[in-house]
$ cat model10.cif   # mmCIF, C-alpha atoms
data_run
#
loop_
_atom_site.label_atom_id
_atom_site.label_comp_id
_atom_site.auth_asym_id
_atom_site.auth_seq_id
_atom_site.Cartn_x
_atom_site.Cartn_y
_atom_site.Cartn_z
CA MET W 1328 0.10 -8.31 9.21
CA ASN W 1329 -1.13 -11.93 9.27
CA LYS W 1330 0.04 -14.68 6.95
CA CYS W 1331 -3.17 -14.91 4.94
CA CYS W 1332 -3.00 -11.20 4.13
CA LYS W 1333 0.57 -11.63 2.99
CA ALA W 1334 -0.47 -14.53 0.78
CA ASN W 1335 -2.82 -12.17 -1.02
CA PHE W 1336 0.02 -9.72 -1.62
CA TRP W 1337 2.24 -12.35 -3.18
CA LEU W 1338 -0.58 -13.70 -5.32
CA ILE W 1339 -1.12 -10.21 -6.71
CA LEU W 1340 2.62 -9.85 -7.26
CA VAL W 1341 2.68 -13.00 -9.38
CA LEU W 1342 -0.23 -11.70 -11.45
CA LEU W 1343 1.55 -8.41 -11.97
CA THR W 1344 4.94 -9.82 -12.93
CA VAL W 1345 3.96 -12.87 -14.98
CA LYS W 1346 4.54 -10.97 -18.22
CA VAL W 1347 7.72 -9.20 -17.16
CA THR W 1348 10.20 -9.07 -20.05
CA ALA W 1349 13.97 -8.79 -19.97
CA GLN W 1350 13.91 -5.06 -20.68
CA VAL W 1351 16.82 -3.79 -18.59
CA PRO W 1352 15.52 -0.19 -18.04
CA LEU W 1353 12.34 -1.53 -16.42
CA MET W 1354 14.03 -3.92 -14.00
CA PRO W 1355 14.77 -1.40 -11.19
CA SER W 1356 11.11 -0.41 -11.02
CA TYR W 1357 9.93 -4.03 -11.12
CA MET W 1358 12.34 -4.84 -8.29
CA TYR W 1359 11.09 -1.83 -6.35
CA ILE W 1360 7.48 -2.94 -6.79
CA SER W 1361 8.26 -6.45 -5.54
CA GLN W 1362 9.98 -5.01 -2.45
CA HIS W 1363 7.32 -2.45 -1.51
CA LEU W 1364 4.10 -3.94 -2.86
CA GLU W 1365 2.96 -5.10 0.56
CA GLU W 1366 3.54 -1.73 2.22
CA ALA W 1367 1.70 0.16 -0.53
CA THR W 1368 -1.29 -2.16 -0.26
CA THR W 1369 -1.30 -1.84 3.52
CA GLN W 1370 -1.39 1.94 3.17
CA MET W 1371 -4.29 1.63 0.73
CA VAL W 1372 -6.32 -0.40 3.21
CA ASN W 1373 -5.53 1.94 6.10
CA TYR W 1374 -5.84 5.31 4.37
CA LYS W 1375 -7.87 4.68 1.18
CA ILE W 1376 -5.20 5.92 -1.22
CA PRO W 1377 -4.84 3.73 -4.34
CA ALA W 1378 -1.80 1.46 -4.04
CA SER W 1379 -1.07 2.07 -7.71
CA VAL W 1380 -0.71 5.80 -7.08
CA ILE W 1381 1.39 5.27 -3.96
CA LEU W 1382 3.86 3.06 -5.81
CA ALA W 1383 3.92 5.28 -8.88
CA GLN W 1384 4.74 8.32 -6.77
CA ALA W 1385 7.42 6.43 -4.86
CA ILE W 1386 8.99 5.09 -8.06
CA PHE W 1387 9.02 8.53 -9.67
CA GLU W 1388 10.06 10.56 -6.62
CA SER W 1389 12.79 8.16 -5.44
CA ASN W 1390 13.97 6.85 -8.83
CA SER W 1391 12.91 3.38 -7.73
CA GLY W 1392 14.66 3.83 -4.39
CA ASN W 1393 17.95 4.89 -5.97
CA SER W 1394 17.85 8.65 -5.41
CA ALA W 1395 20.26 10.25 -2.96
CA LEU W 1396 17.31 11.45 -0.86
CA ALA W 1397 15.89 7.91 -0.61
CA LYS W 1398 19.23 6.34 0.24
CA LYS W 1399 20.33 8.95 2.78
CA SER W 1400 17.03 9.68 4.50
CA ASN W 1401 14.53 6.91 3.53
CA ASN W 1402 12.41 9.69 1.97
CA HIS W 1403 10.69 8.00 -0.99
CA PHE W 1404 8.09 10.68 -1.71
CA GLY W 1405 10.11 13.88 -1.78
CA ILE W 1406 8.21 15.38 1.15
CA LYS W 1407 9.74 18.60 2.46
CA CYS W 1408 9.91 19.57 6.13
CA HIS W 1409 7.07 22.12 6.40
CA LEU W 1410 6.40 23.88 9.69
CA GLU W 1411 4.77 20.96 11.52
CA TRP W 1412 7.65 18.52 11.05
CA GLY W 1413 9.48 17.70 14.27
CA GLY W 1414 11.60 14.77 13.11
CA ASP W 1415 15.07 14.57 11.62
CA THR W 1416 15.86 16.50 8.45
CA ILE W 1417 18.23 16.53 5.52
CA THR W 1418 19.20 19.42 3.24
CA LYS W 1419 18.98 19.08 -0.53
CA THR W 1420 18.75 21.50 -3.44
CA ASP W 1421 15.44 21.09 -5.26
CA ASP W 1422 13.36 24.02 -6.57
CA THR W 1423 15.64 26.30 -4.55
CA LEU W 1424 19.04 25.99 -2.90
CA ASN W 1425 19.43 23.88 0.26
CA GLU W 1426 15.80 22.98 0.93
CA CYS W 1427 14.75 21.04 4.02
CA PHE W 1428 13.44 17.50 3.52
CA ARG W 1429 12.09 15.00 6.03
CA LYS W 1430 14.32 12.16 7.18
CA TYR W 1431 12.86 8.83 8.35
CA ASN W 1432 14.10 5.89 10.37
CA SER W 1433 12.68 3.44 7.84
CA ILE W 1434 11.08 3.25 4.41
CA GLU W 1435 7.86 2.12 6.06
CA ASP W 1436 7.81 5.37 8.05
CA SER W 1437 8.14 7.29 4.79
CA TYR W 1438 5.13 5.47 3.34
CA THR W 1439 3.02 6.11 6.43
CA ASP W 1440 3.97 9.78 6.57
CA HIS W 1441 3.08 10.15 2.89
CA SER W 1442 -0.39 8.77 3.59
CA MET W 1443 -0.86 11.02 6.62
CA PHE W 1444 0.47 14.00 4.65
CA LEU W 1445 -2.25 13.55 2.01
CA LYS W 1446 -4.95 12.69 4.53
CA SER W 1447 -4.30 15.70 6.76
CA ARG W 1448 -4.26 18.46 4.12
CA SER W 1449 -7.51 20.02 2.97
CA ARG W 1450 -6.28 20.58 -0.57
CA TYR W 1451 -6.21 16.80 -1.10
CA ALA W 1452 -9.53 16.10 0.63
CA HIS W 1453 -11.54 15.86 -2.61
CA LEU W 1454 -9.34 12.99 -3.79
CA PHE W 1455 -10.70 10.73 -1.06
CA ASN W 1456 -14.16 11.06 -2.62
CA LEU W 1457 -12.91 9.33 -5.76
CA ASN W 1458 -13.35 5.62 -6.37
CA ILE W 1459 -10.33 3.66 -5.16
CA THR W 1460 -9.82 2.42 -8.73
CA ASP W 1461 -9.76 5.93 -10.26
CA TYR W 1462 -5.99 6.20 -10.47
CA LYS W 1463 -6.14 8.79 -13.25
CA GLY W 1464 -8.35 11.05 -11.13
CA TRP W 1465 -5.84 10.75 -8.31
CA CYS W 1466 -2.88 11.52 -10.56
CA TYR W 1467 -4.52 14.62 -12.04
CA GLY W 1468 -5.75 15.68 -8.60
CA LEU W 1469 -2.31 15.43 -6.99
CA LYS W 1470 -0.76 17.64 -9.66
CA ASN W 1471 -3.60 20.17 -9.58
CA ALA W 1472 -3.42 20.34 -5.77
CA GLY W 1473 0.26 21.25 -5.95
CA TYR W 1474 2.00 18.04 -4.89
CA ALA W 1475 4.69 18.52 -7.54
CA THR W 1476 5.89 21.39 -9.72
CA TYR W 1477 7.00 19.18 -12.61
CA SER W 1478 4.72 19.96 -15.54
CA CYS W 1479 4.34 16.34 -16.72
CA TYR W 1480 3.91 14.84 -13.25
CA THR W 1481 0.44 13.45 -14.02
CA GLU W 1482 1.53 11.84 -17.26
CA GLU W 1483 4.59 10.27 -15.63
CA LEU W 1484 2.53 8.68 -12.84
CA ILE W 1485 -0.06 7.30 -15.25
CA LYS W 1486 2.68 5.90 -17.49
CA ILE W 1487 4.26 4.06 -14.54
CA ILE W 1488 0.90 2.66 -13.42
CA GLU W 1489 -0.08 1.43 -16.87
CA THR W 1490 3.36 0.09 -17.80
CA HIS W 1491 3.46 -2.08 -14.70
CA LYS W 1492 -0.30 -2.73 -14.54
CA LEU W 1493 -0.37 -1.42 -10.99
CA TYR W 1494 -4.08 -0.67 -11.31
CA ALA W 1495 -4.67 -4.37 -10.54
CA LEU W 1496 -3.65 -3.64 -6.95
CA ASP W 1497 -6.47 -1.16 -6.50
CA ARG W 1498 -9.06 -3.80 -7.31
CA ALA W 1499 -7.68 -5.91 -4.49
CA GLU W 1500 -8.60 -3.29 -1.88
CA SER W 1501 -11.98 -4.85 -1.13
CA ILE W 1502 -10.42 -8.29 -0.74
CA GLU W 1503 -7.63 -7.05 1.49
CA ALA W 1504 -10.02 -4.96 3.56
CA ALA W 1505 -12.29 -7.97 4.07
CA VAL W 1506 -9.38 -10.20 5.07
CA PHE W 1507 -8.03 -7.57 7.45
CA ARG W 1508 -11.46 -7.01 9.01
CA ASP W 1509 -12.26 -10.69 9.43
CA PHE W 1510 -8.94 -11.55 11.02
CA LYS W 1511 -9.06 -8.55 13.34
CA THR W 1512 -12.52 -9.66 14.46
CA TYR W 1513 -11.27 -13.19 14.99
CA GLU W 1514 -8.15 -12.07 16.88
CA LEU W 1515 -10.12 -9.69 19.11
CA LYS W 1516 -12.71 -12.30 20.03
CA HIS W 1517 -10.02 -14.90 20.57
CA SER W 1518 -7.98 -12.53 22.74
CA ASN W 1519 -10.97 -11.62 24.88
CA LEU W 1520 -11.87 -15.24 25.47
CA LYS W 1521 -8.26 -16.13 26.22
CA ASP W 1522 -8.33 -13.57 29.03
CA PHE W 1523 -11.66 -14.98 30.22
CA GLU W 1524 -10.23 -18.49 30.11
CA LYS W 1525 -7.15 -17.49 32.09
CA ASN W 1526 -9.23 -15.83 34.82
CA TYR W 1527 -12.08 -18.29 35.16
CA TYR W 1528 -11.41 -21.56 33.33
CA PRO W 1529 -7.74 -22.45 33.60
CA ASN W 1530 -8.39 -26.03 32.53
CA CYS W 1531 -10.29 -25.11 29.37
CA ASN W 1532 -8.63 -24.82 25.95
CA ILE W 1533 -10.12 -21.88 24.05
CA ASP W 1534 -7.70 -22.46 21.16
CA LEU W 1535 -9.38 -25.80 20.50
CA LEU W 1536 -12.84 -24.22 20.54
CA PHE W 1537 -11.72 -21.69 17.94
CA SER W 1538 -9.92 -24.07 15.60
CA ASN W 1539 -13.04 -24.89 13.59
CA GLU W 1540 -14.00 -21.23 13.27
CA LYS W 1541 -10.52 -20.36 12.02
CA ASP W 1542 -10.67 -23.15 9.42
CA ILE W 1543 -13.95 -21.73 8.10
CA LEU W 1544 -12.44 -18.22 7.97
CA VAL W 1545 -9.39 -19.41 6.03
CA GLN W 1546 -11.64 -21.23 3.55
CA SER W 1547 -13.64 -18.04 3.04
CA ILE W 1548 -10.47 -16.02 2.40
CA ASN W 1549 -9.19 -18.60 -0.08
CA MET W 1550 -12.49 -18.35 -1.95
CA MET W 1551 -12.08 -14.56 -2.19
CA VAL W 1552 -8.55 -14.97 -3.56
CA ASP W 1553 -9.73 -17.58 -6.10
CA GLN W 1554 -12.45 -15.22 -7.27
CA PHE W 1555 -9.93 -12.41 -7.68
CA GLU W 1556 -7.69 -14.69 -9.77
CA GLU W 1557 -10.63 -15.74 -11.95
CA ASP W 1558 -11.55 -12.08 -12.54
CA GLU W 1559 -7.96 -11.32 -13.55
CA GLU W 1560 -7.89 -14.25 -15.99
CA SER W 1561 -11.17 -13.10 -17.51
CA ASP W 1562 -9.80 -9.57 -17.98
CA ILE W 1563 -6.65 -10.91 -19.64
CA ALA W 1564 -8.70 -13.15 -21.95
CA GLY W 1565 -10.97 -10.24 -22.82
CA ASN W 1566 -8.02 -8.05 -23.77
CA ASN W 1567 -6.52 -10.66 -26.12
#

$ encode --input "model10.cif" --output "structure tokens"
Amino acid sequence: MNKCCKANFWLILVLLTVKVTAQVPLMPSYMYISQHLEEATTQMVNYKIPASVILAQAIFESNSGNSALAKKSNNHFGIKCHLEWGGDTITKTDDTLNECFRKYNSIEDSYTDHSMFLKSRSRYAHLFNLNITDYKGWCYGLKNAGYATYSCYTEELIKIIETHKLYALDRAESIEAAVFRDFKTYELKHSNLKDFEKNYYPNCNIDLLFSNEKDILVQSINMMVDQFEEDEESDIAGNN
């Protein structure tokens, strides 16, 4: 992901953690959020699942990355093997003895598989009709669709989201999507012209021709980020 996109992630992280207290029990989850914020937001842009819900599930299912399943297999969402799984596996007792769970090469693979798992199953299809900011609808929908057997699963996810103010991430989806789209358009056009330059105009510098356009694009992105920050400050002021 490009540097400007990453700048947005870290801006959001500052907004989320500015009021972090010294409460020891909360620190593992805050550390987990800081480590995986970017991946959750990337998944939201790619698959339209609220980043707040993704992180809440990961925090709950993996005990903020400290569960045996997370440490031994990079499985941060408690996803079991199921018939279609062809990757590595690990055995763990859950609802029944010695159940089969998916094992991943990286945490990022676990996040992507979680998104694809939800996207590919018809029982979760109705959730993608919800507004990206409707984290409560997603939490209730996941439980009702059978994602977890724990009776208070919905309440636990909502508590995590609201304690850490993760819902702020979901509002950033439109900004991140716009940044991602604009840079992809720029990179594609630039790449195509670079090929054209190499084949037909070896003495021409396409990078120089694009420098002004890139400056304008960066200014536009900075304006979007500034607007997001102003909206956050207004919300905070309104809540005081």

$ closest_atom_pairs --input "model10.cif" --of "region 1466-1501 of chain W" --to "region 1366-1387 of chain W" --cutoff "9 Å" --atoms "all atoms listed in the file" --output "tab-separated table"
residue	atom	partner	partner_atom	distance
W:Cys1466	CA	W:Val1380	CA	7.0
W:Tyr1480	CA	W:Phe1387	CA	8.9
W:Glu1483	CA	W:Phe1387	CA	7.6
W:Leu1484	CA	W:Ala1383	CA	5.4
W:Ile1485	CA	W:Ala1383	CA	7.8
W:Lys1486	CA	W:Ala1383	CA	8.7
W:Ile1487	CA	W:Ala1383	CA	5.8
W:Ile1488	CA	W:Ala1383	CA	6.0
W:Lys1492	CA	W:Ser1379	CA	8.4
W:Leu1493	CA	W:Ser1379	CA	4.8
W:Tyr1494	CA	W:Ser1379	CA	5.4
W:Ala1495	CA	W:Ser1379	CA	7.9
W:Leu1496	CA	W:Ala1378	CA	6.2
W:Asp1497	CA	W:Pro1377	CA	5.6
W:Ala1499	CA	W:Thr1368	CA	8.5
W:Glu1500	CA	W:Val1372	CA	6.3
W:Ser1501	CA	W:Val1372	CA	8.4

$ resolve_selection --input "model10.cif" --expression "the PyMOL selection byres ((chain W and resi 1415) around 7)" --output "list in words"
Gly1413, Gly1414, Thr1416, Arg1429, Lys1430 and Tyr1431 of chain W

$ resolve_selection --input "model10.cif" --expression "the PyMOL selection byres ((chain W and resi 1464) around 12)" --output "VMD selection string"
chain W and resid 1376 to 1377 1380 1451 1453 to 1463 1465 to 1472 1481 to 1482 1484 to 1485

$ resolve_selection --input "model10.cif" --expression "the PyMOL selection byres ((chain W and resi 1402) around 12)" --output "PyMOL selection string"
chain W and resi 1384-1386+1388-1401+1403-1408+1415-1419+1427-1441

$ atom_distance --input "model10.cif" --atom1 "CA of Met1358 (chain W)" --atom2 "CA of Glu1489 (chain W)"
16.3 Å

$ atom_distance --input "model10.cif" --atom1 "CA of Ser1447 (chain W)" --atom2 "CA of Glu1365 (chain W)"
22.9 Å

$ atom_distance --input "model10.cif" --atom1 "CA of Thr1423 (chain W)" --atom2 "CA of Lys1446 (chain W)"
26.3 Å

$ decode --input "model10.cif" --residues "region 1399-1490 of chain W" --atoms "C-alpha atoms" --output "CSV table (one decimal), in the first residue's frame"
chain,number,residue,atom,x,y,z
W,1399,LYS,CA,0.9,-21.5,16.9
W,1400,SER,CA,-1.0,-21.1,13.7
W,1401,ASN,CA,-1.5,-17.3,13.1
W,1402,ASN,CA,-5.3,-18.0,13.3
W,1403,HIS,CA,-6.7,-14.8,14.8
W,1404,PHE,CA,-10.4,-15.5,14.0
W,1405,GLY,CA,-10.9,-19.0,15.3
W,1406,ILE,CA,-11.8,-20.3,11.8
W,1407,LYS,CA,-12.1,-24.1,11.6
W,1408,CYS,CA,-11.0,-26.2,8.7
W,1409,HIS,CA,-14.3,-27.0,7.0
W,1410,LEU,CA,-14.4,-29.2,3.9
W,1411,GLU,CA,-13.0,-26.7,1.4
W,1412,TRP,CA,-9.8,-25.9,3.3
W,1413,GLY,CA,-6.7,-27.3,1.6
W,1414,GLY,CA,-4.0,-25.5,3.6
W,1415,ASP,CA,-2.2,-26.5,6.8
W,1416,THR,CA,-4.1,-27.4,9.9
W,1417,ILE,CA,-3.8,-27.5,13.7
W,1418,THR,CA,-5.8,-29.6,16.2
W,1419,LYS,CA,-7.4,-27.9,19.2
W,1420,THR,CA,-10.2,-28.8,21.6
W,1421,ASP,CA,-13.0,-26.2,21.3
W,1422,ASP,CA,-16.7,-27.1,21.3
W,1423,THR,CA,-15.6,-30.8,20.9
W,1424,LEU,CA,-12.4,-32.7,21.4
W,1425,ASN,CA,-9.5,-32.3,18.9
W,1426,GLU,CA,-11.2,-30.0,16.3
W,1427,CYS,CA,-9.5,-29.0,13.1
W,1428,PHE,CA,-8.5,-25.3,12.7
W,1429,ARG,CA,-6.9,-23.5,9.8
W,1430,LYS,CA,-3.2,-22.7,10.0
W,1431,TYR,CA,-1.7,-19.7,8.2
W,1432,ASN,CA,1.7,-18.6,7.1
W,1433,SER,CA,1.1,-15.1,8.3
W,1434,ILE,CA,-1.3,-13.0,10.3
W,1435,GLU,CA,-2.2,-11.1,7.2
W,1436,ASP,CA,-3.3,-14.4,5.6
W,1437,SER,CA,-5.6,-15.0,8.5
W,1438,TYR,CA,-7.2,-11.6,8.0
W,1439,THR,CA,-7.7,-12.1,4.3
W,1440,ASP,CA,-9.1,-15.6,4.8
W,1441,HIS,CA,-11.5,-14.2,7.4
W,1442,SER,CA,-12.8,-11.7,4.9
W,1443,MET,CA,-13.1,-14.3,2.2
W,1444,PHE,CA,-14.8,-16.7,4.6
W,1445,LEU,CA,-17.6,-14.1,5.3
W,1446,LYS,CA,-17.8,-13.0,1.7
W,1447,SER,CA,-18.2,-16.5,0.3
W,1448,ARG,CA,-20.9,-17.8,2.6
W,1449,SER,CA,-24.6,-17.1,1.8
W,1450,ARG,CA,-25.6,-17.0,5.5
W,1451,TYR,CA,-23.5,-13.8,5.8
W,1452,ALA,CA,-24.6,-12.2,2.5
W,1453,HIS,CA,-27.3,-9.9,4.2
W,1454,LEU,CA,-24.6,-8.3,6.3
W,1455,PHE,CA,-23.0,-6.7,3.2
W,1456,ASN,CA,-26.2,-4.8,2.6
W,1457,LEU,CA,-25.7,-2.9,5.9
W,1458,ASN,CA,-24.1,0.5,6.0
W,1459,ILE,CA,-20.4,0.2,6.6
W,1460,THR,CA,-20.8,2.2,9.9
W,1461,ASP,CA,-23.5,-0.1,11.3
W,1462,TYR,CA,-21.2,-2.1,13.5
W,1463,LYS,CA,-24.0,-3.2,15.8
W,1464,GLY,CA,-25.9,-4.7,12.9
W,1465,TRP,CA,-22.8,-6.6,11.9
W,1466,CYS,CA,-22.2,-7.9,15.4
W,1467,TYR,CA,-25.8,-9.1,15.8
W,1468,GLY,CA,-25.8,-10.5,12.3
W,1469,LEU,CA,-22.6,-12.5,12.9
W,1470,LYS,CA,-24.0,-14.1,16.0
W,1471,ASN,CA,-27.4,-14.9,14.4
W,1472,ALA,CA,-25.7,-16.4,11.4
W,1473,GLY,CA,-23.8,-18.8,13.6
W,1474,TYR,CA,-20.3,-17.4,13.5
W,1475,ALA,CA,-19.8,-18.2,17.2
W,1476,THR,CA,-21.6,-20.4,19.8
W,1477,TYR,CA,-20.8,-18.1,22.8
W,1478,SER,CA,-24.1,-16.7,24.0
W,1479,CYS,CA,-22.7,-13.2,24.7
W,1480,TYR,CA,-20.7,-12.9,21.5
W,1481,THR,CA,-22.6,-9.9,20.2
W,1482,GLU,CA,-22.3,-8.0,23.5
W,1483,GLU,CA,-18.5,-8.7,23.7
W,1484,LEU,CA,-17.8,-7.4,20.2
W,1485,ILE,CA,-19.8,-4.2,20.8
W,1486,LYS,CA,-18.1,-3.7,24.1
W,1487,ILE,CA,-14.6,-3.9,22.5
W,1488,ILE,CA,-15.6,-1.6,19.7
W,1489,GLU,CA,-17.1,1.1,22.0
W,1490,THR,CA,-14.3,0.8,24.6
